[in-house]
$ cat work14.cif   # mmCIF, C-alpha atoms
data_work
#
loop_
_atom_site.label_atom_id
_atom_site.label_comp_id
_atom_site.auth_asym_id
_atom_site.auth_seq_id
_atom_site.Cartn_x
_atom_site.Cartn_y
_atom_site.Cartn_z
CA MET A 1 78.76 85.42 132.94
CA LYS A 2 82.00 86.99 134.14
CA LYS A 3 83.96 85.09 131.51
CA VAL A 4 81.66 86.29 128.73
CA LEU A 5 81.83 89.90 129.90
CA THR A 6 85.63 89.70 130.16
CA LEU A 7 85.83 88.34 126.60
CA LEU A 8 83.61 91.16 125.35
CA LEU A 9 85.75 93.76 127.13
CA ILE A 10 88.93 92.35 125.57
CA ALA A 11 87.29 92.43 122.13
CA VAL A 12 86.30 96.11 122.55
CA VAL A 13 89.83 97.07 123.67
CA LEU A 14 91.39 95.23 120.71
CA PHE A 15 89.05 96.87 118.20
CA SER A 16 89.64 100.33 119.62
CA CYS A 17 93.45 100.19 119.20
CA GLY A 18 94.65 102.88 116.82
CA THR A 19 91.54 105.04 116.91
CA LYS A 20 93.26 107.74 118.99
CA LYS A 21 96.03 108.24 116.44
CA GLN A 22 93.47 108.54 113.65
CA LYS A 23 91.58 111.19 115.64
CA GLU A 24 94.76 113.21 116.16
CA ASN A 25 95.46 113.11 112.42
CA GLN A 26 91.95 114.37 111.71
CA GLU A 27 92.30 117.24 114.12
CA THR A 28 95.61 118.46 112.70
CA THR A 29 94.06 118.82 109.25
CA THR A 30 91.25 121.03 110.57
CA ASN A 31 92.63 124.41 109.74
CA LYS A 32 90.74 127.66 109.71
CA LEU A 33 88.63 127.63 106.60
CA THR A 34 86.21 130.14 105.17
CA ALA A 35 82.91 129.02 103.78
CA ILE A 36 82.61 129.26 100.02
CA SER A 37 79.57 128.86 97.83
CA VAL A 38 78.52 125.70 96.00
CA ASP A 39 78.78 127.68 92.75
CA LYS A 40 82.43 128.55 93.42
CA ILE A 41 83.38 124.97 94.25
CA LEU A 42 81.65 123.57 91.18
CA SER A 43 83.26 126.13 88.88
CA ASN A 44 86.78 125.37 90.20
CA THR A 45 86.62 121.73 91.19
CA SER A 46 90.24 121.01 90.27
CA ASP A 47 91.38 123.50 92.94
CA TYR A 48 89.54 121.67 95.69
CA VAL A 49 89.60 117.96 94.86
CA ASN A 50 90.79 115.85 97.81
CA LYS A 51 91.20 119.00 99.91
CA GLU A 52 89.29 120.02 102.98
CA VAL A 53 86.70 122.65 102.15
CA MET A 54 83.95 124.55 103.89
CA VAL A 55 80.90 125.12 101.77
CA GLU A 56 77.67 126.98 102.35
CA GLY A 57 74.36 126.24 100.70
CA LEU A 58 70.66 125.52 100.95
CA VAL A 59 69.79 121.90 101.73
CA ASN A 60 67.36 120.93 99.00
CA HIS A 61 67.01 117.23 99.67
CA VAL A 62 68.01 114.56 102.16
CA CYS A 63 67.56 110.94 101.07
CA SER A 64 64.82 109.68 103.33
CA HIS A 65 65.54 105.97 102.91
CA SER A 66 69.08 105.96 104.18
CA GLY A 67 70.01 109.53 105.19
CA LYS A 68 73.37 108.78 103.58
CA ARG A 69 73.13 111.56 100.99
CA MET A 70 71.93 115.11 100.80
CA PHE A 71 72.10 117.88 98.21
CA VAL A 72 72.94 121.53 98.74
CA LEU A 73 72.24 124.26 96.23
CA GLY A 74 74.23 127.29 95.17
CA GLU A 75 72.96 130.76 94.30
CA ASN A 76 72.11 129.23 90.96
CA PRO A 77 69.73 126.38 91.85
CA ASP A 78 71.05 124.37 88.91
CA ASN A 79 74.27 123.99 90.87
CA ALA A 80 73.69 121.13 93.28
CA LEU A 81 76.41 119.40 95.25
CA LYS A 82 76.01 115.96 96.77
CA ILE A 83 77.08 115.54 100.38
CA THR A 84 77.78 112.21 102.05
CA PRO A 85 78.45 111.80 105.77
CA ASN A 86 81.72 110.45 107.08
CA SER A 87 81.63 107.63 109.61
CA LYS A 88 81.57 110.12 112.47
CA ILE A 89 78.37 111.85 111.28
CA GLY A 90 76.69 108.61 110.21
CA ILE A 91 73.49 109.89 108.60
CA PHE A 92 71.73 113.16 107.80
CA GLU A 93 68.30 113.97 109.20
CA LYS A 94 65.49 115.14 106.91
CA LYS A 95 64.92 118.18 109.13
CA LEU A 96 68.03 119.71 107.53
CA GLU A 97 65.97 120.33 104.38
CA GLY A 98 65.32 124.01 103.81
CA ASN A 99 68.14 125.19 106.04
CA ILE A 100 71.24 127.11 105.02
CA VAL A 101 74.09 124.96 106.26
CA ILE A 102 77.86 125.18 106.49
CA ILE A 103 79.52 121.91 105.66
CA LYS A 104 83.09 121.01 106.39
CA GLY A 105 84.54 118.07 104.52
CA VAL A 106 86.70 116.79 101.70
CA LEU A 107 85.74 117.24 98.04
CA LYS A 108 85.80 113.87 96.30
CA GLU A 109 85.96 113.21 92.58
CA LEU A 110 84.63 110.26 90.60
CA ILE A 111 85.87 109.93 87.02
CA ILE A 112 83.29 108.25 84.80
CA ASP A 113 84.80 106.89 81.57
CA ASP A 114 83.92 104.05 79.20
CA GLU A 115 85.66 101.46 81.37
CA TYR A 116 83.82 102.67 84.45
CA VAL A 117 80.45 102.58 82.68
CA ALA A 118 81.12 99.04 81.41
CA GLN A 119 81.80 97.94 84.98
CA LEU A 120 78.72 99.82 86.17
CA GLU A 121 76.57 98.01 83.59
CA GLN A 122 77.87 94.66 84.77
CA GLU A 123 77.29 95.52 88.42
CA THR A 124 73.81 96.86 87.65
CA ALA A 125 73.02 93.58 85.89
CA GLU A 126 74.04 91.85 89.10
CA ASN A 127 71.71 94.22 90.99
CA MET A 128 74.47 95.98 92.87
CA ASP A 129 74.10 99.50 94.22
CA HIS A 130 76.47 102.24 93.09
CA GLU A 131 77.28 105.74 94.27
CA ALA A 132 77.27 107.25 90.77
CA LEU A 133 73.59 106.30 90.39
CA HIS A 134 72.54 108.42 93.37
CA ASP A 135 72.21 111.76 91.65
CA HIS A 136 68.68 112.90 92.36
CA SER A 137 69.80 116.41 93.20
CA ASP A 138 66.47 118.01 92.38
CA GLY A 139 65.00 116.36 95.44
CA ASP A 140 62.31 114.43 93.65
CA HIS A 141 61.22 111.45 95.72
CA LYS A 142 59.86 109.62 92.68
CA GLU A 143 63.29 109.76 91.14
CA GLU A 144 64.81 108.44 94.34
CA GLU A 145 62.47 105.47 94.29
CA GLU A 146 63.04 104.86 90.62
CA ALA A 147 66.78 104.72 91.24
CA ALA A 148 66.13 101.28 92.67
CA VAL A 149 64.39 100.13 89.53
CA ASP A 150 66.48 98.52 86.83
CA SER A 151 64.97 100.45 83.91
CA SER A 152 65.76 103.76 85.57
CA ARG A 153 69.35 102.68 86.18
CA ILE A 154 69.72 101.66 82.57
CA LYS A 155 68.49 105.11 81.54
CA GLN A 156 71.04 106.73 83.87
CA ILE A 157 73.82 104.61 82.38
CA GLU A 158 72.72 105.51 78.85
CA GLN A 159 72.82 109.19 79.85
CA MET A 160 76.36 108.71 81.22
CA LYS A 161 77.43 107.13 77.92
CA ALA A 162 75.96 110.07 76.00
CA ASP A 163 77.71 112.56 78.30
CA ILE A 164 81.05 110.78 77.84
CA ALA A 165 80.59 110.75 74.07
CA GLU A 166 79.92 114.50 74.09
CA SER A 167 82.86 115.21 76.39
CA GLU A 168 86.13 116.33 74.79
CA LYS A 169 88.15 114.69 77.56
CA GLY A 170 86.56 111.27 77.05
CA PHE A 171 85.17 111.21 80.56
CA VAL A 172 82.80 113.05 82.87
CA ALA A 173 83.32 113.65 86.56
CA GLN A 174 81.01 113.62 89.55
CA TYR A 175 81.89 115.60 92.64
CA TRP A 176 80.66 115.33 96.19
CA ILE A 177 81.76 116.31 99.66
CA GLU A 178 82.37 113.74 102.33
CA ALA A 179 81.28 115.81 105.30
CA SER A 180 82.87 115.73 108.72
CA LYS A 181 80.70 118.52 110.13
CA VAL A 182 77.36 120.08 109.25
CA GLU A 183 76.17 123.20 110.98
CA ILE A 184 72.90 125.04 110.44
CA LYS A 185 73.74 128.63 109.64
CA GLU A 186 70.40 130.20 109.16
CA CYS A 187 66.79 129.27 109.48
CA GLU A 188 64.22 131.72 108.23
CA GLN A 189 61.33 132.13 110.56
CA GLU A 190 57.99 133.71 110.93
CA GLU A 191 57.48 136.72 113.14
CA ALA A 192 56.42 134.85 116.24
CA LYS A 193 59.52 133.18 117.61
CA SER A 194 57.59 130.66 119.64
CA ASP A 195 55.73 129.56 116.54
CA SER A 196 58.85 129.16 114.51
CA CYS A 197 60.40 126.21 112.72
CA CYS A 198 63.70 127.44 114.06
CA ASP A 199 63.35 125.78 117.43
CA GLU A 200 66.20 124.35 119.43
CA GLU A 201 65.65 120.89 118.00
CA ASN A 202 66.08 122.23 114.50
CA LYS A 203 69.21 124.20 115.29
CA GLU A 204 71.09 121.02 116.03
CA GLU A 205 74.70 120.87 114.96
CA THR A 206 76.00 117.64 113.55
CA HIS A 207 79.68 116.85 113.84
CA MET B 1 91.12 43.18 134.41
CA SER B 2 93.73 45.93 133.84
CA GLU B 3 92.50 46.31 130.22
CA ASP B 4 88.97 46.89 131.49
CA LEU B 5 90.27 49.56 133.85
CA THR B 6 92.08 51.35 131.02
CA ILE B 7 88.92 51.38 128.90
CA PHE B 8 86.92 52.63 131.88
CA GLY B 9 89.58 55.30 132.51
CA HIS B 10 89.42 56.54 128.91
CA PHE B 11 85.62 56.55 129.02
CA PHE B 12 85.68 58.51 132.26
CA ILE B 13 88.10 61.13 130.91
CA ILE B 14 86.11 61.57 127.69
CA HIS B 15 82.86 61.77 129.66
CA PHE B 16 84.42 64.29 132.06
CA PHE B 17 85.55 66.60 129.23
CA ALA B 18 82.24 66.16 127.38
CA MET B 19 80.41 67.25 130.53
CA LYS B 20 82.77 70.21 130.96
CA PHE B 21 82.32 71.16 127.29
CA ARG B 22 78.52 70.95 127.49
CA LYS B 23 78.44 73.05 130.64
CA LEU B 24 80.66 75.73 129.10
CA ASN B 25 78.73 75.55 125.82
CA ARG B 26 75.38 76.05 127.59
CA ALA B 27 76.72 78.92 129.68
CA LEU B 28 78.19 80.67 126.64
CA HIS B 29 74.99 80.22 124.60
CA ARG B 30 72.80 81.39 127.48
CA ASP B 31 74.84 84.49 128.37
CA LEU B 32 75.47 85.63 124.80
CA GLY B 33 71.75 85.14 124.19
CA TYR B 34 70.89 87.42 127.08
CA ILE B 35 73.48 90.08 126.19
CA PHE B 36 72.53 90.25 122.52
CA PHE B 37 68.76 89.85 122.88
CA ALA B 38 68.17 93.54 122.09
CA MET B 39 70.65 93.54 119.19
CA THR B 40 68.91 90.56 117.61
CA VAL B 41 65.54 92.33 117.81
CA ILE B 42 67.08 95.55 116.38
CA TYR B 43 68.72 93.80 113.43
CA GLY B 44 65.67 91.58 112.91
CA LEU B 45 63.30 94.55 112.65
CA SER B 46 65.60 96.66 110.51
CA GLY B 47 66.37 93.62 108.34
CA ILE B 48 62.67 93.17 107.53
CA ALA B 49 62.34 96.92 106.93
CA LEU B 50 65.31 97.03 104.55
CA ASN B 51 64.24 93.86 102.72
CA HIS B 52 61.20 95.84 101.57
CA ILE B 53 62.93 99.18 100.98
CA ASN B 54 61.44 99.42 97.46
CA ASP B 55 57.90 99.00 98.77
CA TRP B 56 57.89 101.48 101.62
CA ASN B 57 59.96 104.05 103.45
CA PRO B 58 60.86 102.54 106.82
CA ASN B 59 62.30 105.79 108.17
CA TYR B 60 59.54 108.30 107.46
CA VAL B 61 55.79 108.38 106.98
CA ILE B 62 55.47 110.58 103.91
CA LYS B 63 52.13 112.23 103.17
CA THR B 64 51.22 114.23 100.10
CA LYS B 65 48.30 116.57 99.46
CA GLU B 66 47.40 118.36 96.26
CA ILE B 67 46.48 122.04 96.39
CA GLN B 68 45.30 124.58 93.82
CA ILE B 69 46.46 128.18 94.15
CA GLN B 70 44.11 130.85 92.80
CA ASN B 71 45.02 134.09 91.00
CA THR B 72 47.93 132.62 89.08
CA PRO B 73 50.23 133.08 87.22
CA PHE B 74 52.84 134.67 89.48
CA ASN B 75 56.19 135.91 88.37
CA HIS B 76 59.19 135.43 90.63
CA ASP B 77 59.42 139.11 91.57
CA GLN B 78 55.90 138.99 92.99
CA LEU B 79 56.77 136.07 95.23
CA THR B 80 58.55 137.88 98.01
CA ARG B 81 59.14 136.13 101.33
CA GLU B 82 56.07 137.84 102.82
CA LYS B 83 53.90 136.84 99.86
CA VAL B 84 55.13 133.25 100.08
CA ILE B 85 54.28 133.11 103.81
CA THR B 86 50.83 134.54 103.05
CA LEU B 87 50.26 131.89 100.37
CA LEU B 88 51.41 129.20 102.76
CA ASN B 89 49.04 130.39 105.50
CA GLU B 90 46.19 130.46 103.02
CA TYR B 91 46.70 127.10 101.31
CA ALA B 92 48.67 125.10 103.86
CA SER B 93 47.58 126.56 107.16
CA GLY B 94 49.45 125.20 110.12
CA GLU B 95 52.64 124.59 108.16
CA LYS B 96 55.60 126.66 109.32
CA TYR B 97 57.69 128.45 106.72
CA LYS B 98 61.43 127.78 106.62
CA ASN B 99 62.77 128.91 103.27
CA HIS B 100 62.03 128.94 99.56
CA TYR B 101 63.69 128.96 96.13
CA PHE B 102 62.82 128.68 92.48
CA PRO B 103 63.95 125.36 90.96
CA SER B 104 62.82 126.51 87.50
CA ASP B 105 61.04 129.38 85.77
CA ASP B 106 57.61 127.98 86.55
CA LYS B 107 58.16 126.41 89.95
CA ILE B 108 58.64 127.47 93.54
CA LYS B 109 59.68 125.13 96.31
CA ILE B 110 58.74 126.25 99.81
CA PHE B 111 60.39 124.44 102.68
CA ILE B 112 58.18 123.94 105.71
CA LYS B 113 59.03 122.48 109.10
CA ASP B 114 58.41 118.84 108.18
CA GLY B 115 58.53 118.91 104.43
CA SER B 116 58.04 121.09 101.40
CA VAL B 117 55.44 122.58 99.07
CA ILE B 118 56.05 122.67 95.33
CA ILE B 119 53.84 125.00 93.33
CA ASN B 120 53.61 125.59 89.61
CA THR B 121 53.59 129.39 89.48
CA GLN B 122 51.87 129.38 86.08
CA THR B 123 49.02 126.93 86.63
CA GLY B 124 48.73 127.17 90.42
CA SER B 125 48.78 123.41 90.93
CA GLY B 126 50.79 122.37 93.93
CA MET B 127 51.74 119.51 96.20
CA ILE B 128 52.38 119.54 99.93
CA GLU B 129 54.69 116.78 101.07
CA THR B 130 55.27 116.19 104.76
CA SER B 131 57.33 113.54 106.46
CA LYS B 132 57.31 112.33 110.04
CA ARG B 133 59.75 109.93 111.60
CA ARG B 134 58.36 106.41 111.77
CA ALA B 135 58.43 105.24 115.37
CA ILE B 136 60.81 102.38 116.24
CA PHE B 137 61.83 101.71 112.60
CA HIS B 138 63.59 105.10 112.32
CA GLN B 139 65.67 104.25 115.38
CA VAL B 140 66.47 100.64 114.44
CA ASN B 141 67.37 101.64 110.86
CA TYR B 142 69.63 104.37 112.22
CA LEU B 143 71.51 101.69 114.11
CA HIS B 144 71.46 99.26 111.17
CA TYR B 145 73.25 101.81 108.96
CA ASN B 146 76.28 101.79 111.29
CA PRO B 147 76.07 105.45 112.28
CA GLN B 148 79.25 105.65 114.36
CA LYS B 149 82.61 103.91 114.56
CA TRP B 150 81.88 102.58 118.06
CA TRP B 151 78.61 101.16 116.90
CA THR B 152 80.40 99.40 114.03
CA ILE B 153 82.78 97.83 116.56
CA PHE B 154 79.91 96.74 118.79
CA SER B 155 77.93 95.33 115.88
CA ASP B 156 81.03 93.45 114.66
CA ILE B 157 81.27 91.86 118.10
CA TYR B 158 77.57 91.05 117.87
CA ALA B 159 78.02 89.48 114.44
CA ALA B 160 80.89 87.32 115.72
CA SER B 161 78.78 86.39 118.75
CA LEU B 162 75.93 85.33 116.45
CA ILE B 163 78.28 82.78 114.89
CA ILE B 164 79.22 81.55 118.37
CA LEU B 165 75.52 81.45 119.32
CA ALA B 166 74.76 79.38 116.22
CA ILE B 167 77.56 76.90 116.87
CA THR B 168 76.90 76.55 120.60
CA GLY B 169 73.18 76.19 119.82
CA LEU B 170 73.93 72.96 117.93
CA PHE B 171 75.23 71.27 121.07
CA ILE B 172 72.70 72.37 123.68
CA LEU B 173 70.63 69.18 123.62
CA LYS B 174 71.67 65.55 123.72
CA GLY B 175 69.68 62.56 122.53
CA LYS B 176 67.04 62.18 119.83
CA ASN B 177 66.30 65.91 119.61
CA GLY B 178 69.99 66.86 119.60
CA ILE B 179 72.47 67.30 116.78
CA THR B 180 72.74 63.54 116.31
CA GLY B 181 68.98 63.19 115.78
CA ARG B 182 66.25 65.62 114.77
CA GLY B 183 68.69 68.54 115.11
CA ALA B 184 70.84 67.14 112.31
CA TRP B 185 67.92 67.05 109.85
CA LEU B 186 66.81 70.58 110.71
CA THR B 187 70.38 71.87 110.46
CA ILE B 188 70.80 70.24 107.03
CA LEU B 189 67.51 71.82 105.91
CA GLY B 190 68.76 75.23 107.08
CA ILE B 191 71.97 74.78 105.10
CA LEU B 192 70.22 73.52 101.96
CA ILE B 193 67.84 76.49 101.63
CA PRO B 194 70.60 79.12 101.03
CA VAL B 195 72.56 76.58 98.95
CA PHE B 196 69.55 76.07 96.65
CA PHE B 197 69.19 79.86 96.24
CA LEU B 198 72.87 80.08 95.29
CA LEU B 199 72.51 77.23 92.80
CA PHE B 200 69.43 78.76 91.18
CA TYR B 201 70.17 82.48 91.25
CA TYR B 202 73.90 82.97 91.78
CA TRP B 203 75.52 80.11 89.86
CA LYS B 204 72.39 79.69 87.66
CA LEU B 205 72.95 75.94 87.36
CA PHE B 206 69.25 75.17 86.81
#
$ encode --input "work14.cif" --output "structure tokens"
Amino acid sequence: MKKVLTLLLIAVVLFSCGTKKQKENQETTTNKLTAISVDKILSNTSDYVNKEVMVEGLVNHVCSHSGKRMFVLGENPDNALKITPNSKIGIFEKKLEGNIVIIKGVLKELIIDDEYVAQLEQETAENMDHEALHDHSDGDHKEEEEAAVDSSRIKQIEQMKADIAESEKGFVAQYWIEASKVEIKECEQEEAKSDSCCDEENKEETH
Amino acid sequence: MSEDLTIFGHFFIIHFFAMKFRKLNRALHRDLGYIFFAMTVIYGLSGIALNHINDWNPNYVIKTKEIQIQNTPFNHDQLTREKVITLLNEYASGEKYKNHYFPSDDKIKIFIKDGSVIINTQTGSGMIETSKRRAIFHQVNYLHYNPQKWWTIFSDIYAASLIILAITGLFILKGKNGITGRGAWLTILGILIPVFFLLFYYWKLF
């Protein structure tokens, strides 16, 4: 028993080597940021790509199957930004839906061109999952379920092809934030505080 | 006579190390089995849940209910926060208001504590959708999705230990039920099943 426990302890120590340095690097990049709207980020994506940003918006949808994606809306509800959690956050809880949140993270860009779509088609044929296919920003559960169905994926790919064909640049881009921190800013509530949705459980901060 | 002694000596040494190996093997299998009992149950449950991810939602119990709002249509200006809360109390009593917005010209989405209500502001037809965490499965799936770096490290150790458990398991028993007897046939069967799936579906040889 002692031998097994000692082996396990050694394994944990070996795996943990280097994590401290990574944490220090993360902390040094956390400068003072001001929250900007989803609309502003989406209208000036090139200014923010691969940079740390702080964005504010209404959580419209959290994927209930995995919790690995959520969507926040801008002032214009047509502007939806996908948020994925970093390894520190892990997953998003559905109770975030309906809250105004402030998200800190890095804006990521995915360029979708003909080559990418061809690869996507091949991977879809092999039944592989792909990030670009998770774009159910309107929060419709049916759409989320359909994303797993081949025919729906084929439709999405056809739409991507059409978008690329229409694009002057020869590609389209998807943007999302890989979040390192999510904080609930505001939670509207009814008059009676005790009867409110804004209880302590709901005010949880994820980081 | 001396040749017999040498043979006996070799037999004794081999037997001694075989005994030592079996003792260590059993101890390793037993202790890893105890330590990772809970992990095996966690990954077993979440594995079944995720195998059927297209058939059900293992994380949440999602309920829907249709409603019909009277005195429609509404225009957006009429639907103030107070009016929305009044509508909610009237048609979805007990649900606590959180927020709302207008996804399109003819729709309003009202967020409630455990879900949302979508109403067509022109026809009055609406749908309440609520979701509650599914007991046990929500927790095991949370762990299955590798929520934290430390969990990933621990589950990597578990995965490596599973391989050790499998190998040590082969040599627990001696005799006709061991790896030289019945155990060999069962082990071959266990290898052939995934191999057949690969031949049929991955390499498509048949």
$ resolve_selection --input "work14.cif" --expression "the PyMOL selection byres ((chain B) within 9 of (chain A))" --output "MDAnalysis selection string"
chainID B and resid 27:28 31:32 53:54 56:60 85 96:104 110:116 131 141:142 145:150 153:154 157
$ residues_around --input "work14.cif" --residues "segment 36-50 of chain A" --least-positions-apart "2" --cutoff "12 Å" --atoms "all atoms listed in the file" --output "ChimeraX atom specification"
/A:33-34,52-59,71-83,100-111,173-178
$ residues_around --input "work14.cif" --residues "segment 24-26 of chain B" --least-positions-apart "6" --cutoff "10 Å" --atoms "all atoms listed in the file" --output "list in words"
Ala18, Leu32, Ile164, Leu165, Ile167, Thr168, Gly169, Leu170, Phe171, Ile172 and Leu173 of chain B
$ closest_residue --input "work14.cif" --among "B:Ser125, B:Arg22, B:Phe37, B:Asn89" --to "Thr72 of chain B" --atoms "all atoms listed in the file"
B:Ser125
$ resolve_selection --input "work14.cif" --expression "the PyMOL selection byres ((chain B and resi 117) around 7)" --output "ChimeraX atom specification"
/B:109-111,116,118-119,126-129
$ atom_distance --input "work14.cif" --atom1 "atom CA of Leu162 of chain B" --atom2 "atom CA of Trp185 of chain B"
21.0 Å
$ atom_distance --input "work14.cif" --atom1 "atom CA of Ile48 of chain B" --atom2 "atom CA of Lys204 of chain B"
25.9 Å
$ atom_distance --input "work14.cif" --atom1 "atom CA of Leu205 of chain B" --atom2 "atom CA of Leu50 of chain B"
28.3 Å
$ decode --input "work14.cif" --residues "segment 41-100 of chain B" --atoms "C-alpha atoms" --output "compact mmCIF listing (two decimals), in the first residue's frame"
# COMPACT_ATOMS: atom_id res chain seq x y z
CA VAL B 41 -17.54 4.27 -11.20
CA ILE B 42 -17.35 7.98 -12.18
CA TYR B 43 -15.93 7.29 -15.64
CA GLY B 44 -18.23 4.29 -16.11
CA LEU B 45 -21.37 6.34 -15.40
CA SER B 46 -20.30 9.36 -17.42
CA GLY B 47 -19.14 7.07 -20.24
CA ILE B 48 -22.63 5.56 -20.53
CA ALA B 49 -24.16 9.04 -20.32
CA LEU B 50 -21.93 10.45 -23.06
CA ASN B 51 -22.39 7.39 -25.30
CA HIS B 52 -26.04 8.40 -25.53
CA ILE B 53 -25.53 12.17 -25.71
CA ASN B 54 -27.74 12.40 -28.84
CA ASP B 55 -30.64 10.67 -27.10
CA TRP B 56 -30.78 12.59 -23.85
CA ASN B 57 -29.21 15.42 -21.90
CA PRO B 58 -27.22 13.83 -19.08
CA ASN B 59 -26.54 17.15 -17.35
CA TYR B 60 -30.00 18.69 -17.10
CA VAL B 61 -33.62 17.61 -16.96
CA ILE B 62 -35.22 20.00 -19.45
CA LYS B 63 -38.97 20.55 -19.31
CA THR B 64 -41.06 22.56 -21.74
CA LYS B 65 -44.60 23.88 -21.45
CA GLU B 66 -46.64 25.71 -24.04
CA ILE B 67 -48.54 28.83 -23.05
CA GLN B 68 -50.93 31.19 -24.84
CA ILE B 69 -50.84 34.88 -23.98
CA GLN B 70 -54.10 36.80 -24.40
CA ASN B 71 -54.58 40.38 -25.64
CA THR B 72 -51.84 40.22 -28.24
CA PRO B 73 -50.22 41.66 -30.31
CA PHE B 74 -47.77 43.68 -28.22
CA ASN B 75 -45.25 46.09 -29.57
CA HIS B 76 -41.83 46.30 -27.94
CA ASP B 77 -42.50 49.69 -26.33
CA GLN B 78 -45.44 48.23 -24.44
CA LEU B 79 -43.31 45.47 -22.99
CA THR B 80 -41.59 47.35 -20.21
CA ARG B 81 -39.83 45.45 -17.44
CA GLU B 82 -42.88 45.84 -15.18
CA LYS B 83 -45.23 44.61 -17.91
CA VAL B 84 -42.99 41.62 -18.59
CA ILE B 85 -42.96 40.69 -14.88
CA THR B 86 -46.75 41.01 -14.79
CA LEU B 87 -47.07 38.72 -17.82
CA LEU B 88 -44.70 36.25 -16.23
CA ASN B 89 -46.68 36.21 -12.97
CA GLU B 90 -49.89 35.69 -14.91
CA TYR B 91 -48.78 32.95 -17.31
CA ALA B 92 -45.82 31.37 -15.54
CA SER B 93 -46.57 31.92 -11.90
CA GLY B 94 -43.81 30.85 -9.59
CA GLU B 95 -41.07 31.58 -12.11
CA LYS B 96 -38.67 34.32 -11.04
CA TYR B 97 -37.79 37.04 -13.53
CA LYS B 98 -34.13 37.65 -14.34
CA ASN B 99 -33.92 39.61 -17.56
CA HIS B 100 -35.39 39.91 -21.04
